[in-house]
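Asks: My structure is in my_file23.txt, and what it holds is compact mmCIF, C-alpha atoms:
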```txt
# COMPACT_ATOMS: atom_id res chain seq x y z
CA MET A 1 -4.40 17.02 -38.46
CA VAL A 2 -2.95 13.65 -37.55
CA ALA A 3 -4.76 11.27 -35.27
CA ASN A 4 -3.82 11.53 -31.62
CA MET A 5 -1.78 8.33 -31.56
CA GLU A 6 0.13 9.09 -34.78
CA ILE A 7 3.50 10.82 -34.75
CA GLU A 8 4.76 12.65 -37.78
CA LYS A 9 8.32 11.92 -38.92
CA GLU A 10 9.14 15.63 -38.82
CA GLU A 11 8.55 15.64 -35.06
CA PHE A 12 11.64 13.47 -34.57
CA HIS A 13 13.79 16.23 -36.10
CA GLN A 14 13.03 18.72 -33.31
CA PRO A 15 15.04 19.04 -30.08
CA LYS A 16 11.81 18.79 -28.07
CA LEU A 17 9.31 16.06 -28.88
CA ASP A 18 6.17 17.25 -27.09
CA LEU A 19 3.56 14.49 -27.03
CA GLN A 20 1.65 15.53 -23.92
CA ASP A 21 -1.89 14.20 -23.68
CA ARG A 22 -1.81 12.62 -27.13
CA ARG A 23 -3.48 9.45 -25.83
CA LEU A 24 -0.80 7.27 -27.34
CA GLY A 25 -1.52 4.34 -25.08
CA PRO A 26 0.42 1.07 -25.43
CA CYS A 27 -0.49 0.83 -29.14
CA GLY A 28 1.02 4.20 -30.03
CA CYS A 29 4.37 3.36 -28.47
CA ARG A 30 5.60 1.09 -31.22
CA SER A 31 6.11 3.83 -33.83
CA LEU A 32 7.49 6.12 -31.11
CA ALA A 33 10.06 3.52 -30.06
CA GLN A 34 11.08 3.01 -33.68
CA GLY A 35 11.52 6.75 -34.20
CA LEU A 36 13.56 7.11 -31.02
CA SER A 37 15.87 4.27 -32.00
CA SER A 38 17.04 6.24 -35.04
CA THR A 39 16.70 9.95 -34.22
CA GLU A 40 19.75 12.02 -33.35
CA HIS A 41 17.83 15.25 -32.82
CA VAL A 42 15.43 14.80 -29.91
CA ARG A 43 16.81 15.97 -26.56
CA PHE A 44 13.60 16.28 -24.52
CA LEU A 45 10.77 13.75 -24.73
CA ASP A 46 7.52 14.76 -23.01
CA LEU A 47 4.95 11.96 -22.67
CA ASN A 48 2.94 13.34 -19.76
CA GLY A 49 -0.62 11.98 -19.63
CA ASN A 50 -0.56 9.37 -22.38
CA GLN A 51 -2.06 6.30 -20.67
CA LEU A 52 1.02 4.29 -21.58
CA ALA A 53 0.67 1.80 -18.71
CA ASP A 54 3.29 -0.90 -18.18
CA ASP A 55 2.89 -2.44 -21.65
CA GLY A 56 3.49 0.88 -23.37
CA VAL A 57 6.51 1.60 -21.20
CA ARG A 58 7.99 -1.80 -22.10
CA VAL A 59 7.86 -0.98 -25.81
CA LEU A 60 9.06 2.58 -25.31
CA MET A 61 12.10 1.48 -23.32
CA GLU A 62 13.23 -0.67 -26.22
CA GLY A 63 13.67 2.51 -28.24
CA LEU A 64 15.34 4.44 -25.42
CA GLN A 65 17.83 1.63 -24.83
CA ILE A 66 19.21 2.30 -28.31
CA ASN A 67 18.71 6.06 -28.41
CA ARG A 68 21.78 8.26 -27.87
CA SER A 69 20.28 11.75 -28.05
CA VAL A 70 17.45 12.04 -25.50
CA GLU A 71 18.61 13.67 -22.26
CA MET A 72 15.27 14.40 -20.54
CA VAL A 73 12.14 12.24 -20.36
CA ASN A 74 8.80 13.03 -18.74
CA LEU A 75 6.64 9.95 -18.08
CA SER A 76 4.27 11.58 -15.59
CA ASN A 77 0.65 10.48 -15.19
CA ASN A 78 0.83 7.32 -17.25
CA GLY A 79 -0.44 4.67 -14.84
CA ILE A 80 3.02 3.12 -14.50
CA ARG A 81 3.27 0.41 -11.84
CA ASP A 82 6.15 -1.71 -10.58
CA GLU A 83 6.28 -3.77 -13.77
CA GLY A 84 6.78 -0.63 -15.82
CA ALA A 85 9.46 0.55 -13.39
CA LEU A 86 11.32 -2.72 -14.00
CA HIS A 87 11.39 -1.96 -17.73
CA ILE A 88 12.65 1.56 -16.99
CA ALA A 89 15.39 0.11 -14.80
CA ALA A 90 16.43 -2.25 -17.60
CA MET A 91 16.72 0.72 -19.96
CA LEU A 92 18.88 2.61 -17.47
CA GLN A 93 21.32 -0.31 -17.39
CA SER A 94 22.48 0.43 -20.92
CA ASN A 95 21.42 4.04 -21.58
CA ARG A 96 24.24 6.52 -20.97
CA THR A 97 22.57 9.65 -22.37
CA LEU A 98 19.60 10.27 -20.11
CA ARG A 99 20.20 13.00 -17.52
CA SER A 100 16.69 13.70 -16.18
CA LEU A 101 13.73 11.38 -15.59
CA THR A 102 10.33 12.59 -14.36
CA MET A 103 7.62 10.11 -13.33
CA VAL A 104 5.14 12.16 -11.32
CA GLY A 105 1.71 10.75 -10.47
CA ASN A 106 2.21 7.10 -11.26
CA LYS A 107 1.72 3.99 -9.10
CA ILE A 108 5.25 2.83 -8.43
CA ARG A 109 5.79 1.06 -5.12
CA LYS A 110 8.62 -0.66 -3.25
CA ALA A 111 9.59 -3.21 -5.93
CA GLY A 112 9.77 -0.60 -8.66
CA ALA A 113 11.76 1.78 -6.48
CA GLN A 114 14.21 -0.97 -5.55
CA ALA A 115 14.76 -1.90 -9.20
CA ILE A 116 15.55 1.71 -10.11
CA VAL A 117 17.82 2.14 -7.09
CA THR A 118 19.78 -1.02 -7.96
CA VAL A 119 20.51 0.30 -11.44
CA LEU A 120 21.35 3.83 -10.28
CA ALA A 121 24.08 2.42 -8.07
CA LYS A 122 25.94 1.76 -11.35
CA ASN A 123 24.44 4.34 -13.71
CA ARG A 124 26.62 7.45 -13.41
CA CYS A 125 24.71 9.58 -15.93
CA LEU A 126 21.25 10.27 -14.49
CA LYS A 127 21.34 13.44 -12.40
CA SER A 128 17.69 14.27 -11.75
CA LEU A 129 14.88 11.92 -10.68
CA ASN A 130 11.33 13.01 -9.87
CA LEU A 131 9.06 10.35 -8.37
CA SER A 132 6.59 12.70 -6.73
CA GLY A 133 3.07 11.34 -6.28
CA ASN A 134 3.83 7.63 -6.36
CA ARG A 135 3.44 5.07 -3.55
CA LEU A 136 7.00 4.47 -2.38
CA ARG A 137 6.22 4.78 1.34
CA ASP A 138 8.93 3.93 3.88
CA ALA A 139 10.36 0.94 2.00
CA GLY A 140 10.97 2.96 -1.16
CA ALA A 141 12.42 5.88 0.77
CA ILE A 142 14.79 3.57 2.66
CA ALA A 143 15.97 2.11 -0.65
CA PHE A 144 16.81 5.58 -1.95
CA ALA A 145 18.47 6.47 1.34
CA LYS A 146 20.77 3.49 0.93
CA LEU A 147 21.62 4.67 -2.58
CA LEU A 148 22.48 8.15 -1.33
CA LEU A 149 24.46 6.71 1.54
CA GLU A 150 26.61 4.36 -0.51
CA SER A 151 27.05 5.90 -3.95
CA SER A 152 25.10 8.22 -6.19
CA THR A 153 25.57 10.90 -8.80
CA LEU A 154 22.02 12.22 -8.35
CA ASP A 155 21.91 15.94 -7.65
CA HIS A 156 18.09 16.30 -7.70
CA LEU A 157 15.66 13.90 -6.00
CA ASP A 158 11.93 14.52 -5.58
CA LEU A 159 10.08 12.04 -3.34
CA SER A 160 7.22 14.34 -2.35
CA ARG A 161 3.69 12.98 -1.97
CA ASN A 162 4.78 9.37 -1.39
CA GLU A 163 3.23 8.58 1.99
CA ILE A 164 6.68 8.39 3.57
CA ASN A 165 6.51 8.10 7.35
CA MET A 166 9.11 8.80 10.05
CA GLY A 167 11.15 5.66 9.32
CA GLY A 168 11.75 6.53 5.69
CA CYS A 169 12.43 10.19 6.49
CA ARG A 170 14.94 9.28 9.17
CA ALA A 171 16.78 7.02 6.73
CA LEU A 172 17.00 9.87 4.19
CA ALA A 173 18.25 12.26 6.87
CA GLU A 174 20.93 9.75 7.88
CA ALA A 175 22.09 9.53 4.27
CA LEU A 176 22.62 13.30 4.17
CA HIS A 177 25.33 13.01 6.82
CA THR A 178 27.76 11.59 4.26
CA ASN A 179 26.24 12.22 0.81
CA ASN A 180 28.07 15.00 -1.03
CA THR A 181 26.35 15.02 -4.42
CA LEU A 182 22.66 15.75 -3.76
CA GLN A 183 21.77 19.42 -4.21
CA THR A 184 17.96 19.31 -4.15
CA LEU A 185 15.77 17.10 -1.97
CA LYS A 186 12.00 17.53 -2.10
CA LEU A 187 9.98 15.69 0.54
CA GLY A 188 6.84 17.80 0.65
CA TYR A 189 3.47 16.31 1.60
CA ASN A 190 4.76 13.26 3.39
CA LEU A 191 4.40 12.21 7.04
CA MET A 192 7.73 13.22 8.54
CA SER A 193 6.44 14.55 11.89
CA GLU A 194 9.10 14.25 14.62
CA ALA A 195 11.68 12.87 12.19
CA VAL A 196 12.39 16.50 11.27
CA VAL A 197 14.77 16.48 14.25
CA ASP A 198 17.06 14.12 12.32
CA PHE A 199 17.27 16.68 9.52
CA GLY A 200 18.59 19.27 11.97
CA LEU A 201 21.52 16.99 12.70
CA ALA A 202 21.99 16.09 9.03
CA LEU A 203 21.96 19.69 7.77
CA THR A 204 24.60 20.62 10.31
CA GLN A 205 27.01 18.18 8.64
CA ASN A 206 25.89 18.27 5.01
CA THR A 207 27.58 20.82 2.73
CA SER A 208 26.20 19.90 -0.71
CA LEU A 209 22.44 20.32 -0.29
CA ILE A 210 21.14 23.61 -1.71
CA ASP A 211 17.36 23.17 -1.68
CA LEU A 212 15.38 21.30 1.00
CA ASP A 213 11.57 21.18 0.77
CA LEU A 214 9.73 19.89 3.86
CA GLU A 215 6.36 21.47 3.10
CA SER A 216 3.25 19.95 4.70
CA ASN A 217 4.89 17.15 6.70
CA MET A 218 2.92 17.21 9.94
CA ILE A 219 5.86 18.86 11.70
CA THR A 220 4.79 19.93 15.18
CA SER A 221 5.93 22.73 17.44
CA GLU A 222 7.89 20.25 19.55
CA GLY A 223 9.58 18.72 16.51
CA ALA A 224 10.40 22.14 15.08
CA SER A 225 11.89 23.24 18.41
CA GLU A 226 14.19 20.22 18.50
CA PHE A 227 15.05 20.71 14.81
CA GLY A 228 16.17 24.25 15.61
CA ARG A 229 18.24 23.15 18.60
CA HIS A 230 20.03 20.51 16.55
CA LEU A 231 20.61 22.79 13.54
CA LEU A 232 24.01 24.26 14.40
CA SER A 233 24.85 25.40 10.87
CA LEU A 234 23.22 25.46 7.44
CA SER A 235 24.80 25.35 3.98
CA ALA A 236 21.52 25.18 2.06
CA ALA A 237 20.24 28.20 0.16
CA SER A 238 16.52 27.34 0.25
CA LEU A 239 14.46 25.99 3.15
CA ASN A 240 10.72 25.37 2.82
CA LEU A 241 8.85 24.66 6.07
CA SER A 242 5.46 25.91 4.92
CA ASN A 243 2.14 24.32 5.89
CA ASN A 244 3.49 22.81 9.10
CA ALA A 245 2.19 23.65 12.58
CA LEU A 246 5.45 25.14 13.83
CA HIS A 247 3.70 27.64 16.10
CA ASP A 248 5.71 30.36 17.82
CA GLU A 249 7.84 28.06 19.97
CA GLY A 250 9.05 25.99 17.03
CA CYS A 251 9.56 29.00 14.78
CA LYS A 252 11.62 30.89 17.35
CA SER A 253 13.93 27.93 17.84
CA ILE A 254 14.54 27.64 14.11
CA MET A 255 15.11 31.37 13.71
CA ARG A 256 17.76 31.37 16.43
CA SER A 257 19.63 28.67 14.50
CA LEU A 258 19.55 30.75 11.30
CA VAL A 259 21.12 33.93 12.67
CA GLN A 260 24.00 35.05 10.41
CA CYS A 261 23.41 32.21 7.96
CA VAL A 262 25.42 33.27 4.93
CA SER A 263 24.09 30.60 2.57
CA LEU A 264 20.34 31.16 3.04
CA ARG A 265 18.58 32.86 0.12
CA HIS A 266 14.97 31.68 0.37
CA LEU A 267 12.94 30.94 3.49
CA ASP A 268 9.29 29.83 3.38
CA LEU A 269 7.29 29.99 6.62
CA SER A 270 3.85 30.24 5.00
CA ASN A 271 0.89 28.90 6.97
CA THR A 272 2.89 27.76 9.99
CA ASN A 273 0.58 29.05 12.75
CA ILE A 274 2.96 31.76 13.92
CA THR A 275 1.82 35.05 15.46
CA THR A 276 3.23 38.43 16.45
CA SER A 277 5.24 36.65 19.14
CA SER A 278 7.59 35.13 16.53
CA MET A 279 8.29 38.30 14.61
CA SER A 280 11.09 39.67 16.75
CA GLU A 281 13.12 36.47 16.24
CA ILE A 282 12.25 36.35 12.54
CA ALA A 283 13.23 39.99 12.03
CA LYS A 284 16.55 39.46 13.82
CA ALA A 285 17.37 36.33 11.83
CA VAL A 286 16.49 37.60 8.35
CA GLN A 287 18.30 40.89 8.90
CA SER A 288 21.45 38.99 9.83
CA CYS A 289 21.37 36.77 6.70
CA PRO A 290 23.28 38.84 4.12
CA ASN A 291 22.10 36.90 1.07
CA LEU A 292 18.46 36.26 1.94
CA ASN A 293 16.45 37.60 -0.99
CA SER A 294 13.12 35.76 -0.72
CA LEU A 295 10.85 35.49 2.34
CA ASP A 296 7.34 34.01 2.62
CA VAL A 297 5.35 34.40 5.84
CA ASP A 298 1.89 34.56 4.26
CA GLY A 299 -1.08 32.90 5.87
CA ASN A 300 0.03 33.71 9.42
CA ARG A 301 -1.92 36.10 11.65
CA ILE A 302 1.06 38.17 12.70
CA GLY A 303 -0.90 41.43 12.72
CA ALA A 304 0.21 45.02 12.26
CA GLU A 305 2.61 44.96 15.20
CA GLY A 306 4.39 41.88 13.87
CA VAL A 307 4.61 43.34 10.40
CA GLU A 308 6.12 46.52 11.83
CA LEU A 309 8.86 44.48 13.52
CA LEU A 310 9.68 42.77 10.23
CA ALA A 311 9.49 46.06 8.30
CA ALA A 312 12.17 47.56 10.52
CA SER A 313 14.56 44.79 9.49
CA LEU A 314 13.71 45.27 5.80
CA ALA A 315 15.34 48.68 5.90
CA HIS A 316 18.67 46.84 6.27
CA MET A 317 17.96 44.28 3.51
CA ALA A 318 18.63 46.02 0.21
CA GLN A 319 19.04 42.60 -1.41
CA ILE A 320 15.40 41.49 -0.87
CA GLN A 321 13.74 40.48 -4.15
CA SER A 322 10.54 38.70 -3.11
CA LEU A 323 8.34 39.22 -0.04
CA ASN A 324 4.97 37.57 0.62
CA LEU A 325 2.86 38.94 3.49
CA ALA A 326 -0.56 37.94 2.17
CA GLY A 327 -3.15 37.11 4.80
CA CYS A 328 -1.08 38.45 7.68
CA GLY A 329 -3.66 40.95 8.95
CA MET A 330 -1.28 43.86 8.62
CA ALA A 331 -3.94 46.60 8.18
CA ALA A 332 -3.02 50.08 6.93
CA ARG A 333 -0.52 50.59 9.75
CA GLY A 334 1.50 47.52 8.83
CA ALA A 335 1.32 48.28 5.11
CA ALA A 336 2.70 51.76 5.72
CA ALA A 337 5.60 50.32 7.74
CA VAL A 338 6.44 47.86 4.94
CA GLY A 339 6.47 50.72 2.43
CA VAL A 340 8.95 52.63 4.55
CA GLY A 341 11.08 49.54 5.17
CA LEU A 342 11.37 48.76 1.47
CA ARG A 343 12.37 52.24 0.30
CA ASN A 344 15.96 51.18 -0.28
CA SER A 345 15.16 47.76 -1.77
CA SER A 346 16.19 48.35 -5.36
CA GLU A 347 16.18 44.61 -6.13
CA LEU A 348 12.52 44.03 -5.17
CA SER A 349 10.54 42.38 -7.97
CA SER A 350 7.67 40.68 -6.12
CA LEU A 351 5.61 42.00 -3.18
CA THR A 352 2.36 40.41 -2.02
CA VAL A 353 0.44 42.09 0.80
CA ALA A 354 -3.25 41.33 0.06
CA GLY A 355 -5.30 40.42 3.11
```
Now, as a test, write the supplied structure out as C-alpha cells.

Replies:
Amino acid sequence: MVANMEIEKEEFHQPKLDLQDRRLGPCGCRSLAQGLSSTEHVRFLDLNGNQLADDGVRVLMEGLQINRSVEMVNLSNNGIRDEGALHIAAMLQSNRTLRSLTMVGNKIRKAGAQAIVTVLAKNRCLKSLNLSGNRLRDAGAIAFAKLLLESSTLDHLDLSRNEINMGGCRALAEALHTNNTLQTLKLGYNLMSEAVVDFGLALTQNTSLIDLDLESNMITSEGASEFGRHLLSLSAASLNLSNNALHDEGCKSIMRSLVQCVSLRHLDLSNTNITTSSMSEIAKAVQSCPNLNSLDVDGNRIGAEGVELLAASLAHMAQIQSLNLAGCGMAARGAAAVGVGLRNSSELSSLTVAG
C-alpha cells in the first residue's frame, strides 16, 4: 500500500484518477502536476478533500495548463481561497480541454470569483461550474450575472450556499432575460427573499433554462404570490421551491401560473407550509401539465382531504414516475385514495407515503 501522498504511475493510465481524501496537501501536488503534464489517459480528476490549499493549487495548475486530456476536475473541500482561485483562472486562460470544474466547500470570495469570471468571458470550453458552499455573496453573484449577461458558454452554474442576498439574486435574474446558453442554475440556500419576483419576470422570457433550484431562500408568501403573478410562461423542466414559507396564498398563485405548462417535468414543493387549502389548485395544475412525471409535496400538513384532491388528479396522470407524500398526514383514507388514483400509472417507480 502506497503512502497517502504518493501516486502510482499506473494511476495516470486510467480514465478516472480518483484521489479523494488522500491527504496530498501542497507537498503531494508536485508529482501529481508532473504526471498530469504528460498523461493522455486521464479524463476525470477527483481531488475532493485533499487539503491542497492555495500553494497546492498553484503547483497543480502548472500541470493542468499543459494537460490536454482532463475534461472534469473536482477540487471540492480543499481550503482554496482567492489566491488559489487566481491560479485556477490563470490555468483556464490556456487550457482548452476542461469542460467541468467543481469547487464545492472552499473559501473563494469576490476577488477569486471576479478572476474566474474575467477568464470565462474568453474561455469557450468550460461548460459546467460548481462553486456551491463558498463565500461569493452579492459581489460574486453580480460578477457572474455580468458574465451571463454579456457572453458565456456555461450551461451549468451552481452558486448555492454562497450567502447571496437580494442584490446578487436580482442581478442573476436580470441576466436570464437575455442569456440563451444556461440550462441549469442552482441557487439553493441563499438569501433571495423578495427577489424571487424578478425570477418570475425572467422565466417568462428565458427559453434555455431547464433546471432552476431555489430551495431554502427565505421566500415568503408575499414574494411567492408576486412570483406567480409575474410568471406568465415557463420553459424550464424542473422547478425546486422546497423549504420556503410559500404558505397557501403563495402556492396558489404559483400553481395558477403553471396550468397547462408543457415543459414542466419535476416540481418540488416540499416543506413549504401549505395545507389542504392549496390542494385544489395543485391538483388542477399538475393534471394539466402533460409531461409532469415527478412531484414532491412532502413535509406539508395537507391531510387526508388534501391528499384525496391530489389523488383524483393522479388518475389522469399515467406519466407520473415519482411521488413524495411523506409527512402529509394522509391517514388510511388518504392512502387508499392514492392507491386508487395510481392504478393506471404504469411508469411509477418511486412512491413515498410514510407519515

Asks: Which residue gives the smallest distance to Asn217 of chain A among A:Ser193, A:Gln114, A:Thr204, A:Ser263, with only C-alpha atoms counted?

Replies: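 For Asn217 of chain A, the nearest of the given residues is A:Ser193.
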
Asks: Which neighbours of segment 126-128 of chain A fall inside 12 Å, counting all atoms listed in the file, when residues of the same chain fewer than 4 positions from it are skipped, and could you give them as a VMD selection string?

Replies: chain A and resid 70 to 74 89 91 to 103 116 to 117 119 to 122 152 to 159 181 to 186

Asks: So that I can check the surroundings of Ser233 of chain A, please list as a VMD selection string every protein, DNA and RNA residue that reaches within 8 Å of it, counting all atoms listed in the file and ignoring chain neighbours fewer than 2 positions away.

Replies: chain A and resid 203 to 205 231 235 257 to 258 261

Asks: Which value, in Å to one decimal, gives the distance between atom CA of Gln14 of chain A and atom CA of Ser38 of chain A?

Replies: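 So the two atoms, atom CA of Gln14 of chain A and atom CA of Ser38 of chain A, lie 13.2 Å apart.
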
Asks: Could you state the separation of atom CA of Asp213 of chain A and atom CA of Leu239 of chain A in Å, given to one decimal place?

Replies: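 So the two atoms, atom CA of Asp213 of chain A and atom CA of Leu239 of chain A, lie 6.1 Å apart.
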
Asks: Excluding Asp54 of chain A and its own-chain neighbours fewer than 2 positions away, which residues fall within 6 Å of it when counting all atoms listed in the file? Please give them as a PyMOL selection string.

Replies: chain A and resi 56-57+80+84

Asks: Mind checking which residues fall within 12 Å of Gln34 of chain A, counting only C-alpha atoms, ignoring those fewer than 3 positions away in the same chain, and posting them as a ChimeraX atom specification?

Replies: /A:7,9,12,28-31,37-39,59-67

Asks: At what distance in Å, to one decimal, does atom CA of Ser253 of chain A lie from atom CA of Asn271 of chain A?

Replies: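 Straight-line distance from atom CA of Asn271 of chain A to atom CA of Ser253 of chain A works out to 17.0 Å.
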
Asks: Of the candidates A:Lys252, A:Gly303, A:Arg23, A:Arg43, which one gets nearest to Ala285 of chain A if we count only C-alpha atoms?

Replies: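 Counting only C-alpha atoms, the residue closest to Ala285 of chain A is A:Lys252.
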
Asks: Of the candidates A:Ala236, A:Asn190, A:Arg170, A:Gly200, which one gets nearest to Leu214 of chain A if we count only C-alpha atoms?

Replies: A:Asn190

Asks: Do you know which residues lie at most 9 Å from (14.0, 3.8, 6.3), with coordinates as in the file and all atoms listed in the file counted, and could you write them as a PyMOL selection string?

Replies: chain A and resi 138-146+165-172

Asks: List every protein, DNA or RNA residue with an atom no more than 7 Å from (26.7, 37.3, 9.7) in the file's coordinates, counting only C-alpha atoms, and format the result as a count of residues only.

Replies: 6

Asks: Compare A:Thr220, A:Ser350, A:Gln51, A:Gln319 by their minimum atom-to-atom distance to Gln287 of chain A, counting all atoms listed in the file, and give me the closest one.

Replies: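 Of the candidates, the smallest distance to Gln287 of chain A is held by A:Gln319.
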
Asks: Residues within 7 Å of Glu215 of chain A, please, as a PDB file with C-alpha atoms, in the frame of the given file. Count only C-alpha atoms; anything in the same chain fewer than 3 positions from it doesn't count.

Replies:
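Final output, part_29.pdb:
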```pdb
ATOM      1  CA  GLY A 188       6.840  17.800   0.650  1.00  0.00           C
ATOM      2  CA  TYR A 189       3.470  16.310   1.600  1.00  0.00           C
ATOM      3  CA  ASN A 240      10.720  25.370   2.820  1.00  0.00           C
ATOM      4  CA  LEU A 241       8.850  24.660   6.070  1.00  0.00           C
ATOM      5  CA  SER A 242       5.460  25.910   4.920  1.00  0.00           C
ATOM      6  CA  ASN A 243       2.140  24.320   5.890  1.00  0.00           C
ATOM      7  CA  ASN A 244       3.490  22.810   9.100  1.00  0.00           C
TER       8      ASN A 244
END
```
